[in-house]
$ cat my_file-v8.txt   # compact mmCIF, C-alpha atoms
# COMPACT_ATOMS: atom_id res chain seq x y z
CA MET A 1117 127.38 -66.76 -95.75
CA LEU A 1118 128.67 -63.25 -95.01
CA LYS A 1119 129.37 -61.30 -98.18
CA LEU A 1120 132.15 -58.73 -97.86
CA PRO A 1121 131.66 -55.34 -99.58
CA GLN A 1122 133.28 -54.70 -102.94
CA PHE A 1123 135.26 -51.46 -102.74
CA PRO A 1124 136.13 -49.52 -105.92
CA ALA A 1125 139.70 -49.74 -107.18
CA TYR A 1126 140.48 -46.14 -106.16
CA ALA A 1127 139.40 -46.69 -102.52
CA THR A 1128 142.24 -46.08 -100.09
CA PHE A 1129 142.92 -47.81 -96.80
CA ALA A 1130 141.44 -44.78 -95.00
CA ASP A 1131 138.24 -45.10 -97.06
CA LYS A 1132 137.87 -48.76 -96.18
CA LEU A 1133 138.63 -48.12 -92.51
CA GLY A 1134 136.09 -45.31 -92.40
CA TRP A 1135 133.45 -47.53 -94.01
CA TRP A 1136 133.93 -50.21 -91.35
CA LEU A 1137 134.09 -47.73 -88.46
CA VAL A 1138 130.81 -46.09 -89.48
CA ARG A 1139 129.01 -49.42 -89.64
CA ILE A 1140 130.51 -50.70 -86.40
CA GLY A 1141 129.46 -47.45 -84.74
CA CYS A 1142 125.89 -47.82 -86.09
CA VAL A 1143 125.67 -51.39 -84.79
CA ALA A 1144 127.01 -50.29 -81.39
CA VAL A 1145 124.47 -47.46 -81.12
CA LEU A 1146 121.65 -49.80 -82.17
CA ALA A 1147 122.71 -52.38 -79.59
CA PHE A 1148 122.88 -49.67 -76.90
CA LEU A 1149 119.33 -48.56 -77.72
CA LEU A 1150 117.90 -52.08 -77.89
CA ALA A 1151 119.61 -53.46 -74.78
CA PRO A 1152 117.15 -51.90 -72.25
CA ILE A 1153 114.24 -53.31 -74.25
CA LEU A 1154 115.69 -56.80 -74.48
CA VAL A 1155 116.49 -56.83 -70.75
CA VAL A 1156 112.76 -56.72 -69.98
CA ILE A 1157 112.00 -59.99 -71.77
CA PRO A 1158 113.82 -62.41 -69.37
CA LEU A 1159 112.28 -60.60 -66.39
CA SER A 1160 108.80 -61.55 -67.60
CA PHE A 1161 109.70 -65.25 -67.14
CA SER A 1162 111.06 -64.83 -63.61
CA ASP A 1163 109.36 -66.53 -60.66
CA SER A 1164 110.41 -63.69 -58.36
CA SER A 1165 107.90 -61.11 -57.14
CA PHE A 1166 110.36 -58.33 -57.91
CA LEU A 1167 112.14 -57.08 -61.02
CA ALA A 1168 115.69 -58.14 -60.25
CA TYR A 1169 118.76 -59.78 -61.73
CA PRO A 1170 120.04 -62.46 -61.46
CA ILE A 1171 116.81 -64.32 -62.08
CA PRO A 1172 116.26 -66.88 -59.28
CA GLY A 1173 114.04 -69.17 -61.36
CA TRP A 1174 111.85 -69.40 -64.40
CA SER A 1175 108.08 -69.39 -64.46
CA LEU A 1176 105.02 -68.32 -66.51
CA ARG A 1177 103.17 -67.10 -63.41
CA TRP A 1178 103.15 -63.47 -64.56
CA TYR A 1179 101.65 -64.35 -67.92
CA ARG A 1180 98.97 -66.36 -66.12
CA ASN A 1181 98.41 -63.40 -63.82
CA LEU A 1182 98.12 -61.14 -66.85
CA PHE A 1183 95.52 -63.26 -68.65
CA ASP A 1184 93.56 -63.98 -65.47
CA SER A 1185 93.39 -60.33 -64.38
CA PRO A 1186 90.14 -58.50 -65.26
CA GLU A 1187 91.93 -55.14 -65.04
CA TRP A 1188 94.51 -56.08 -67.68
CA ALA A 1189 91.85 -57.72 -69.87
CA ARG A 1190 89.77 -54.54 -69.77
CA ALA A 1191 92.82 -52.39 -70.56
CA ALA A 1192 93.74 -54.59 -73.53
CA ARG A 1193 90.18 -54.47 -74.84
CA ASN A 1194 90.11 -50.68 -74.57
CA SER A 1195 93.45 -50.33 -76.37
CA PHE A 1196 92.21 -52.47 -79.25
CA ILE A 1197 89.05 -50.38 -79.43
CA VAL A 1198 90.64 -46.94 -79.30
CA ALA A 1199 93.81 -47.48 -81.34
CA PRO A 1200 92.25 -49.02 -84.50
CA ALA A 1201 89.40 -46.51 -84.52
CA ALA A 1202 91.81 -43.60 -84.08
CA THR A 1203 94.07 -45.05 -86.79
CA VAL A 1204 91.25 -45.26 -89.33
CA LEU A 1205 90.14 -41.69 -88.60
CA ALA A 1206 93.70 -40.34 -88.67
CA THR A 1207 94.50 -42.16 -91.91
CA VAL A 1208 91.43 -40.86 -93.71
CA LEU A 1209 91.88 -37.26 -92.54
CA GLY A 1210 95.66 -37.22 -93.02
CA THR A 1211 95.48 -38.73 -96.51
CA LEU A 1212 92.76 -36.34 -97.68
CA ALA A 1213 94.66 -33.36 -96.27
CA ALA A 1214 97.87 -34.47 -97.97
CA VAL A 1215 96.17 -34.92 -101.34
CA GLY A 1216 94.49 -31.53 -101.05
CA LEU A 1217 97.70 -29.73 -100.06
CA SER A 1218 99.71 -31.39 -102.83
CA ARG A 1219 97.29 -30.31 -105.57
CA THR A 1220 96.77 -26.66 -104.66
CA ASN A 1221 98.82 -23.56 -103.93
CA PHE A 1222 97.47 -20.65 -101.91
CA ALA A 1223 98.76 -17.80 -99.82
CA PHE A 1224 98.63 -19.39 -96.38
CA LYS A 1225 99.53 -22.96 -97.34
CA GLY A 1226 102.64 -22.95 -95.13
CA LEU A 1227 100.67 -21.63 -92.17
CA LEU A 1228 97.98 -24.27 -92.63
CA MET A 1229 100.64 -26.97 -92.84
CA SER A 1230 102.14 -25.73 -89.57
CA VAL A 1231 98.75 -25.91 -87.89
CA LEU A 1232 98.08 -29.43 -89.16
CA ILE A 1233 101.38 -30.82 -87.90
CA SER A 1234 101.31 -28.87 -84.62
CA PRO A 1235 100.21 -31.94 -82.58
CA MET A 1236 103.66 -33.39 -83.34
CA VAL A 1237 105.51 -30.47 -81.72
CA VAL A 1238 103.15 -29.20 -79.01
CA PRO A 1239 104.04 -30.74 -75.61
CA ILE A 1240 101.71 -33.65 -74.96
CA VAL A 1241 100.88 -32.34 -71.48
CA VAL A 1242 99.58 -29.13 -73.05
CA VAL A 1243 97.43 -31.20 -75.42
CA GLY A 1244 96.07 -33.23 -72.51
CA VAL A 1245 95.16 -30.21 -70.41
CA ALA A 1246 93.66 -28.28 -73.34
CA THR A 1247 91.54 -31.17 -74.56
CA TYR A 1248 90.30 -31.92 -71.05
CA LEU A 1249 89.29 -28.29 -70.47
CA TYR A 1250 87.50 -28.27 -73.83
CA PHE A 1251 85.90 -31.72 -73.70
CA ALA A 1252 84.77 -31.76 -70.06
CA PRO A 1253 82.08 -29.04 -70.38
CA ILE A 1254 80.55 -30.67 -73.47
CA GLY A 1255 80.52 -34.17 -71.99
CA LEU A 1256 83.25 -35.78 -74.11
CA ALA A 1257 85.62 -36.49 -71.23
CA ASP A 1258 85.50 -40.06 -69.91
CA THR A 1259 84.16 -41.29 -73.27
CA TYR A 1260 85.56 -43.50 -76.00
CA PHE A 1261 84.62 -40.95 -78.64
CA GLY A 1262 86.60 -38.14 -77.04
CA LEU A 1263 89.66 -40.36 -76.57
CA ILE A 1264 89.48 -41.59 -80.18
CA VAL A 1265 89.20 -38.05 -81.55
CA VAL A 1266 92.26 -36.82 -79.64
CA HIS A 1267 94.32 -39.88 -80.54
CA ALA A 1268 93.35 -39.39 -84.18
CA ALA A 1269 94.48 -35.77 -83.98
CA LEU A 1270 97.83 -36.93 -82.59
CA GLY A 1271 98.29 -39.54 -85.31
CA ALA A 1272 97.03 -37.58 -88.33
CA PRO A 1273 100.24 -35.46 -88.70
CA PHE A 1274 102.27 -38.64 -89.18
CA VAL A 1275 99.94 -39.75 -91.97
CA LEU A 1276 100.03 -36.26 -93.48
CA THR A 1277 103.81 -36.04 -93.63
CA THR A 1278 104.38 -39.57 -94.96
CA VAL A 1279 101.70 -39.25 -97.65
CA LEU A 1280 103.00 -35.81 -98.67
CA ALA A 1281 106.47 -37.30 -99.06
CA THR A 1282 105.01 -40.04 -101.28
CA LEU A 1283 103.01 -37.53 -103.33
CA ALA A 1284 106.17 -35.52 -104.00
CA GLY A 1285 107.10 -38.05 -106.69
CA PHE A 1286 103.56 -38.62 -107.94
CA ASN A 1287 102.84 -37.75 -111.59
CA GLN A 1288 99.69 -35.61 -111.60
CA ASN A 1289 99.30 -36.25 -115.33
CA LEU A 1290 97.93 -39.67 -114.39
CA VAL A 1291 95.04 -37.99 -112.61
CA ARG A 1292 94.42 -35.62 -115.52
CA ALA A 1293 94.44 -38.51 -117.97
CA SER A 1294 91.93 -40.44 -115.88
CA LEU A 1295 89.61 -37.46 -115.57
CA SER A 1296 89.86 -36.73 -119.30
CA LEU A 1297 88.74 -40.30 -120.03
CA GLY A 1298 85.53 -39.79 -118.09
CA GLU A 1299 86.33 -41.16 -114.63
CA THR A 1300 84.88 -39.39 -111.60
CA PRO A 1301 87.27 -37.74 -109.12
CA PHE A 1302 86.44 -40.37 -106.48
CA ARG A 1303 87.08 -43.35 -108.78
CA THR A 1304 90.25 -41.64 -110.04
CA PHE A 1305 91.50 -41.33 -106.50
CA MET A 1306 90.64 -44.93 -105.62
CA ARG A 1307 91.98 -46.52 -108.82
CA VAL A 1308 94.88 -44.23 -109.75
CA THR A 1309 96.14 -42.12 -106.85
CA LEU A 1310 95.62 -44.46 -103.89
CA PRO A 1311 97.44 -47.51 -105.35
CA VAL A 1312 100.50 -45.34 -106.04
CA ILE A 1313 100.61 -43.68 -102.62
CA ALA A 1314 99.62 -46.83 -100.71
CA PRO A 1315 103.11 -47.34 -99.17
CA GLY A 1316 102.97 -43.85 -97.66
CA VAL A 1317 99.41 -44.38 -96.42
CA ILE A 1318 100.30 -47.71 -94.81
CA SER A 1319 103.42 -46.27 -93.19
CA GLY A 1320 101.47 -43.30 -91.85
CA ALA A 1321 98.72 -45.57 -90.54
CA LEU A 1322 101.30 -47.68 -88.72
CA PHE A 1323 102.78 -44.59 -87.07
CA ALA A 1324 99.30 -43.37 -86.15
CA PHE A 1325 98.46 -46.75 -84.62
CA ALA A 1326 101.69 -46.81 -82.61
CA THR A 1327 101.06 -43.24 -81.43
CA SER A 1328 97.58 -44.10 -80.18
CA PHE A 1329 98.50 -47.50 -78.77
CA ASP A 1330 101.44 -46.11 -76.75
CA GLU A 1331 99.88 -42.81 -75.65
CA VAL A 1332 99.43 -42.35 -71.90
CA VAL A 1333 99.45 -38.63 -71.00
CA VAL A 1334 96.23 -37.61 -72.80
CA THR A 1335 94.63 -40.83 -71.61
CA LEU A 1336 95.39 -39.86 -68.01
CA PHE A 1337 93.44 -36.63 -68.52
CA LEU A 1338 90.53 -37.86 -70.65
CA ALA A 1339 89.93 -41.54 -69.87
CA GLY A 1340 87.63 -42.60 -67.07
CA PRO A 1341 87.66 -45.93 -65.23
CA ASP A 1342 85.96 -47.63 -68.17
CA GLN A 1343 88.44 -46.33 -70.78
CA VAL A 1344 91.72 -47.38 -69.14
CA THR A 1345 94.18 -48.49 -71.83
CA LEU A 1346 97.26 -50.69 -71.57
CA PRO A 1347 99.76 -47.80 -71.22
CA ARG A 1348 97.66 -46.21 -68.49
CA GLN A 1349 97.31 -49.53 -66.68
CA MET A 1350 101.09 -49.99 -66.90
CA PHE A 1351 101.61 -46.46 -65.56
CA THR A 1352 99.28 -47.20 -62.67
CA GLY A 1353 101.10 -50.45 -61.92
CA ILE A 1354 104.50 -48.76 -61.92
CA ARG A 1355 103.28 -46.00 -59.64
CA GLU A 1356 101.58 -48.24 -57.09
CA ASN A 1357 103.51 -51.51 -57.16
CA ILE A 1358 106.15 -52.60 -59.66
CA SER A 1359 105.10 -56.11 -60.58
CA PRO A 1360 106.73 -58.47 -63.11
CA THR A 1361 103.31 -58.55 -64.77
CA ILE A 1362 104.35 -55.26 -66.35
CA ALA A 1363 107.37 -57.03 -67.85
CA ALA A 1364 105.03 -59.65 -69.32
CA VAL A 1365 102.86 -56.94 -70.87
CA ALA A 1366 105.94 -55.16 -72.21
CA THR A 1367 107.20 -58.40 -73.78
CA LEU A 1368 103.89 -58.98 -75.55
CA LEU A 1369 103.87 -55.38 -76.78
CA ILE A 1370 107.41 -55.78 -78.13
CA ILE A 1371 106.35 -58.90 -80.04
CA PHE A 1372 103.21 -57.18 -81.32
CA THR A 1373 105.08 -54.06 -82.49
CA THR A 1374 107.81 -56.12 -84.14
CA THR A 1375 105.17 -58.16 -85.95
CA LEU A 1376 103.58 -54.97 -87.27
CA LEU A 1377 106.91 -53.69 -88.58
CA LEU A 1378 107.70 -57.02 -90.25
CA ALA A 1379 104.24 -57.06 -91.83
CA LEU A 1380 104.83 -53.54 -93.16
CA GLU A 1381 108.15 -54.54 -94.69
CA TRP A 1382 106.53 -57.62 -96.21
CA LEU A 1383 103.81 -55.47 -97.80
CA ARG A 1384 106.42 -53.08 -99.16
CA GLY A 1385 108.36 -55.99 -100.63
CA ARG A 1386 105.23 -57.41 -102.23
CA ARG A 1387 104.40 -54.01 -103.72
CA ARG A 1388 107.91 -53.61 -105.20
$ encode --input "my_file-v8.txt" --output "structure tokens"
Amino acid sequence: MLKLPQFPAYATFADKLGWWLVRIGCVAVLAFLLAPILVVIPLSFSDSSFLAYPIPGWSLRWYRNLFDSPEWARAARNSFIVAPAATVLATVLGTLAAVGLSRTNFAFKGLLMSVLISPMVVPIVVVGVATYLYFAPIGLADTYFGLIVVHAALGAPFVLTTVLATLAGFNQNLVRASLSLGETPFRTFMRVTLPVIAPGVISGALFAFATSFDEVVVTLFLAGPDQVTLPRQMFTGIRENISPTIAAVATLLIIFTTTLLLALEWLRGRRR
């Protein structure tokens, strides 16, 4: 049952109208942003060989084509190798950097912070070209390791910023109390600091995973034929021949991403 808002007694008609207009506007903007995504889902069940509306008939042929294709299977396997590994590396490095920056003050702290978050603001094409020129001579191009390292560097700033925001309200006296009672710094971090900042770490890890899983530009520069990921395979399919198989992949990715977000909200609710 829809519960109407309770306005204070001093609220005027203009206040109530403004409240409703703001919310209607937010819903309209959200619907406008989600509409192109939702349009893809029916296309994945079309029996047509082209992406077109109206849909002539319904079929699962493109999902069968997706699961029977060795190219898509290899791309999915590579994505689930690179993205989790890059997420773990980005989460560890970003969390440690955030904890270190929150506990100390030094002359060039702002400059160091700018350097650490620079992958968020530097154009991704520049990152792709620079990493290729650096990795190619030392043999890290066309390797899983090189791709994981770059994806971790792209995701670590998201972990850093979210964990720093969580640490802004963290009481450092808890750490001092633990150390004064004889705990080691590592056990203090694992048993005192980490449980408190876990929501920020999980949120940052989710952003890092999404960054790696959706990244295509750096992958175009660094990945060889054996490291093709789902986004690169989709890019190749769009460039050569737009097939409804891409709509099927997009639908599965939408479901996967939505599941991750719901799981994150569930974890936050459990923690509260």
$ atom_distance --input "my_file-v8.txt" --atom1 "atom CA of Ala1202 of chain A" --atom2 "atom CA of Ile1354 of chain A"
26.1 Å
$ residues_near_point --input "my_file-v8.txt" --point "(108.4, -39.6, -97.2)" --cutoff "12 Å" --atoms "all atoms listed in the file" --output "JSON, numbers by chain"
{"A": [1214, 1274, 1275, 1276, 1277, 1278, 1279, 1280, 1281, 1282, 1283, 1284, 1285, 1286, 1313, 1314, 1315, 1316, 1317, 1318, 1319, 1320]}
$ atom_distance --input "my_file-v8.txt" --atom1 "atom CA of Val1215 of chain A" --atom2 "atom CA of Met1306 of chain A"
12.2 Å
$ residues_near_point --input "my_file-v8.txt" --point "(93.2, -40.8, -89.0)" --cutoff "8 Å" --atoms "all atoms listed in the file" --output "ChimeraX atom specification"
/A:1202-1210,1268-1269,1271-1272,1275,1321,1324
$ residues_around --input "my_file-v8.txt" --residues "Val1156 of chain A" --least-positions-apart "4" --cutoff "8 Å" --atoms "only C-alpha atoms" --output "VMD selection string"
chain A and resid 1152 1160 1363 1366 to 1367
$ closest_residue --input "my_file-v8.txt" --among "A:Leu1182, A:Leu1256, A:Val1308, A:Leu1270" --to "Val1237 of chain A" --atoms "all atoms listed in the file"
A:Leu1270
